[in-house]
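What follows is one structure encoded as structure tokens, with my remarks underneath.
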Amino acid sequence: MQRVNAQGEPLDDYAVATARRILNGDILPSLLVGGYFTPHTVLVPRRVLDQVGLYDETLGGTADTELWMRIVCENFSARFIPEKLAYYRIHDTNMSADTAHMLETQQRALDAIVTRYPHRVASALHELICEHQRVDRDSAWAREMIAAQQREIDALRRALNTRGVRLARARGGKMVAA
């Protein structure tokens, strides 16, 4: 999906492929934290809709996400295609621009899913917590590596400075000898 402005010009390089880690199979954990693909990019077999039902039209802007959650809660798997096959126009009157509406319908959608599929949601929540812990560990490691690199950079700067070599910023943030 390519997000475009009101004139049809590309807005950014957003890609569903980078929006979430899990794109295939059971995507319930990803859906619980919010929708990340638009309904016009999804194909659902009629037999699946016959089993789980159609959109809950009372949910407005989150009706699609609630439907996707019901589908995966009924043990149907998602299959992701990485190509951008559709455009999503962003403009002032998008339903998703109404934050109050989106938050209210998202809460109602989550309440409905928790009520109907409590064990599936509990399992997905466990996966989300584990993912959060993994990201937190990775972030801590990255912060440690950045701090270690900064110490090395500072030591190199001091060493160059004691030899009378001054560094000045050049275009693009690259350092060059002055």
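Ligands are numbered from 1 in the order shown, chains are lettered A, B, ... in the order of the structure tokens, and residues start at 1 in each chain.
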### Message
as a list in words, please: the residues near range 33-49 of chain A (cut-off 7 Å, only C-alpha atoms, same-chain neighbours under 6 positions excluded).
### Response
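Counting only the stated atoms, we get Val16, Ala19, Asp64, Thr65 and Ala86 of chain A.
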List as a PDB file with N, CA and C atoms, in the first residue's frame the protein and nucleic acid residues near range 12-15 of chain A, meaning an atom at most 12 Å away when only C-alpha atoms are counted, but skip any in the same chain fewer than 4 places from it.
ATOM      1  N   MET A   1       0.844  -1.172   0.000  1.00  0.00           N
ATOM      2  CA  MET A   1       0.000   0.000   0.000  1.00  0.00           C
ATOM      3  C   MET A   1       0.893   1.239   0.000  1.00  0.00           C
ATOM      4  N   GLN A   2       0.596   2.174  -0.860  1.00  0.00           N
ATOM      5  CA  GLN A   2       1.319   3.442  -0.924  1.00  0.00           C
ATOM      6  C   GLN A   2       0.419   4.537  -0.383  1.00  0.00           C
ATOM      7  N   ARG A   3       0.876   5.247   0.645  1.00  0.00           N
ATOM      8  CA  ARG A   3       0.095   6.375   1.161  1.00  0.00           C
ATOM      9  C   ARG A   3       0.378   7.581   0.279  1.00  0.00           C
ATOM     10  N   VAL A   4      -0.711   8.265  -0.125  1.00  0.00           N
ATOM     11  CA  VAL A   4      -0.582   9.429  -1.000  1.00  0.00           C
ATOM     12  C   VAL A   4      -1.370  10.591  -0.410  1.00  0.00           C
ATOM     13  N   ASN A   5      -1.013  11.816  -0.824  1.00  0.00           N
ATOM     14  CA  ASN A   5      -1.739  13.001  -0.352  1.00  0.00           C
ATOM     15  C   ASN A   5      -2.997  13.208  -1.196  1.00  0.00           C
ATOM     16  N   GLY A   8      -2.672  12.825  -4.825  1.00  0.00           N
ATOM     17  CA  GLY A   8      -2.206  11.543  -5.337  1.00  0.00           C
ATOM     18  C   GLY A   8      -0.699  11.384  -5.343  1.00  0.00           C
ATOM     19  N   ALA A  19       6.135  -2.441   9.243  1.00  0.00           N
ATOM     20  CA  ALA A  19       5.268  -1.968  10.320  1.00  0.00           C
ATOM     21  C   ALA A  19       5.196  -2.952  11.477  1.00  0.00           C
ATOM     22  N   ARG A  20       5.334  -4.220  11.191  1.00  0.00           N
ATOM     23  CA  ARG A  20       5.246  -5.255  12.216  1.00  0.00           C
ATOM     24  C   ARG A  20       6.254  -6.352  11.916  1.00  0.00           C
ATOM     25  N   ARG A  21       6.625  -7.094  12.962  1.00  0.00           N
ATOM     26  CA  ARG A  21       7.576  -8.192  12.795  1.00  0.00           C
ATOM     27  C   ARG A  21       6.888  -9.433  12.232  1.00  0.00           C
ATOM     28  N   LEU A  23       4.097 -11.038  10.008  1.00  0.00           N
ATOM     29  CA  LEU A  23       3.231 -10.653   8.893  1.00  0.00           C
ATOM     30  C   LEU A  23       2.395 -11.810   8.370  1.00  0.00           C
ATOM     31  N   TYR A  36      -2.730  -1.876  10.831  1.00  0.00           N
ATOM     32  CA  TYR A  36      -1.557  -1.380  10.108  1.00  0.00           C
ATOM     33  C   TYR A  36      -1.644  -1.629   8.612  1.00  0.00           C
ATOM     34  N   PHE A  37      -2.794  -2.109   8.164  1.00  0.00           N
ATOM     35  CA  PHE A  37      -3.036  -2.226   6.729  1.00  0.00           C
ATOM     36  C   PHE A  37      -4.497  -1.879   6.465  1.00  0.00           C
ATOM     37  N   THR A  38      -4.777  -1.463   5.260  1.00  0.00           N
ATOM     38  CA  THR A  38      -6.115  -0.969   4.942  1.00  0.00           C
ATOM     39  C   THR A  38      -6.991  -2.087   4.378  1.00  0.00           C
ATOM     40  N   PHE A  80       0.973 -12.622   3.721  1.00  0.00           N
ATOM     41  CA  PHE A  80       1.400 -11.276   3.349  1.00  0.00           C
ATOM     42  C   PHE A  80       2.047 -11.280   1.975  1.00  0.00           C
ATOM     43  N   ILE A  81       1.698 -10.295   1.160  1.00  0.00           N
ATOM     44  CA  ILE A  81       2.331 -10.071  -0.142  1.00  0.00           C
ATOM     45  C   ILE A  81       3.048  -8.728  -0.050  1.00  0.00           C
ATOM     46  N   PRO A  82       4.368  -8.693  -0.235  1.00  0.00           N
ATOM     47  CA  PRO A  82       5.123  -7.463   0.013  1.00  0.00           C
ATOM     48  C   PRO A  82       4.947  -6.343  -1.013  1.00  0.00           C
ATOM     49  N   GLU A  83       4.442  -6.634  -2.197  1.00  0.00           N
ATOM     50  CA  GLU A  83       4.283  -5.581  -3.198  1.00  0.00           C
ATOM     51  C   GLU A  83       3.219  -4.578  -2.769  1.00  0.00           C
ATOM     52  N   LYS A  84       3.441  -3.319  -3.145  1.00  0.00           N
ATOM     53  CA  LYS A  84       2.441  -2.279  -2.891  1.00  0.00           C
ATOM     54  C   LYS A  84       1.404  -2.362  -4.007  1.00  0.00           C
ATOM     55  N   LEU A  85       0.209  -2.838  -3.643  1.00  0.00           N
ATOM     56  CA  LEU A  85      -0.827  -3.107  -4.635  1.00  0.00           C
ATOM     57  C   LEU A  85      -1.975  -2.111  -4.613  1.00  0.00           C
ATOM     58  N   ALA A  86      -1.940  -1.143  -3.693  1.00  0.00           N
ATOM     59  CA  ALA A  86      -3.050  -0.198  -3.573  1.00  0.00           C
ATOM     60  C   ALA A  86      -2.529   1.150  -3.085  1.00  0.00           C
ATOM     61  N   TYR A  87      -3.353   2.170  -3.276  1.00  0.00           N
ATOM     62  CA  TYR A  87      -3.061   3.510  -2.764  1.00  0.00           C
ATOM     63  C   TYR A  87      -4.027   3.817  -1.628  1.00  0.00           C
ATOM     64  N   TYR A  88      -3.539   4.558  -0.643  1.00  0.00           N
ATOM     65  CA  TYR A  88      -4.389   5.025   0.451  1.00  0.00           C
ATOM     66  C   TYR A  88      -4.220   6.529   0.525  1.00  0.00           C
ATOM     67  N   ARG A  89      -5.270   7.234   0.150  1.00  0.00           N
ATOM     68  CA  ARG A  89      -5.213   8.692   0.101  1.00  0.00           C
ATOM     69  C   ARG A  89      -5.431   9.268   1.493  1.00  0.00           C
ATOM     70  N   ILE A  90      -4.530  10.127   1.934  1.00  0.00           N
ATOM     71  CA  ILE A  90      -4.623  10.807   3.225  1.00  0.00           C
ATOM     72  C   ILE A  90      -5.107  12.231   2.957  1.00  0.00           C
TER      73      ILE A  90
END
### Query
Could you pull the residues within 9 Å of Glu74 in chain A, counting only C-alpha atoms, minus those fewer than 4 positions along the same chain, as a count of residues only?
5
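Nearest to Ser123 in chain A of all the residues A:Gln7, A:Thr18, A:Leu59, A:Cys73 is A:Cys73, counting only C-alpha atoms.
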### Query
Just how far from CA of Ala6 in chain A is CA of Met95 in chain A, in Å to one decimal?
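Distance between the two atoms: 14.2 Å.
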### Task
From the DSSP assignment of the backbone, select every residue of chain A that is strand (DSSP E or B), and format the answer as a PyMOL selection string.
chain A and resi 2-4+10+25+78+87-89+167-169+175-177
Got time to write the residues from that selection, C-alpha atoms, as a PDB file, in the first residue's frame?
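Output contents, as saved in out33.pdb:
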ATOM      1  CA  GLN A   2       1.319   3.442  -0.924  1.00  0.00           C
ATOM      2  CA  ARG A   3       0.095   6.375   1.161  1.00  0.00           C
ATOM      3  CA  VAL A   4      -0.582   9.429  -1.000  1.00  0.00           C
ATOM      4  CA  PRO A  10       3.414   9.720  -2.511  1.00  0.00           C
ATOM      5  CA  GLY A  25       0.130 -16.766  10.178  1.00  0.00           C
ATOM      6  CA  ALA A  78      -2.800 -14.356   7.265  1.00  0.00           C
ATOM      7  CA  TYR A  87      -3.061   3.510  -2.764  1.00  0.00           C
ATOM      8  CA  TYR A  88      -4.389   5.025   0.451  1.00  0.00           C
ATOM      9  CA  ARG A  89      -5.213   8.692   0.101  1.00  0.00           C
ATOM     10  CA  LEU A 167      38.206  18.293  13.499  1.00  0.00           C
ATOM     11  CA  ALA A 168      35.543  20.375  11.802  1.00  0.00           C
ATOM     12  CA  ARG A 169      32.138  19.265  10.580  1.00  0.00           C
ATOM     13  CA  MET A 175      34.211  14.868  10.213  1.00  0.00           C
ATOM     14  CA  VAL A 176      37.324  16.087   8.400  1.00  0.00           C
ATOM     15  CA  ALA A 177      40.677  17.395   9.585  1.00  0.00           C
TER      16      ALA A 177
END
### Task
Write out as a PyMOL selection string the residues lying within 12 Å of range 129-138 of chain A, counting only C-alpha atoms and excluding same-chain residues fewer than 2 positions away.
chain A and resi 20-22+29-30+33+122-127+140-145
### Message
Give me the residues near Gly61 in chain A as a list in words, where near means some atom within 12 Å (using only C-alpha atoms) and where sequence neighbours in that chain fewer than 6 positions away do not count.
### Response
Gly34, Gly35, Thr38, Pro39, Tyr55, Leu67, Asn94, Met95, Ser96, Ala97, Asp98, Thr99, Ala100, His101, Met102, Leu103, Glu104, Thr105, Gln106, Gln107, Arg108 and Ala109 of chain A
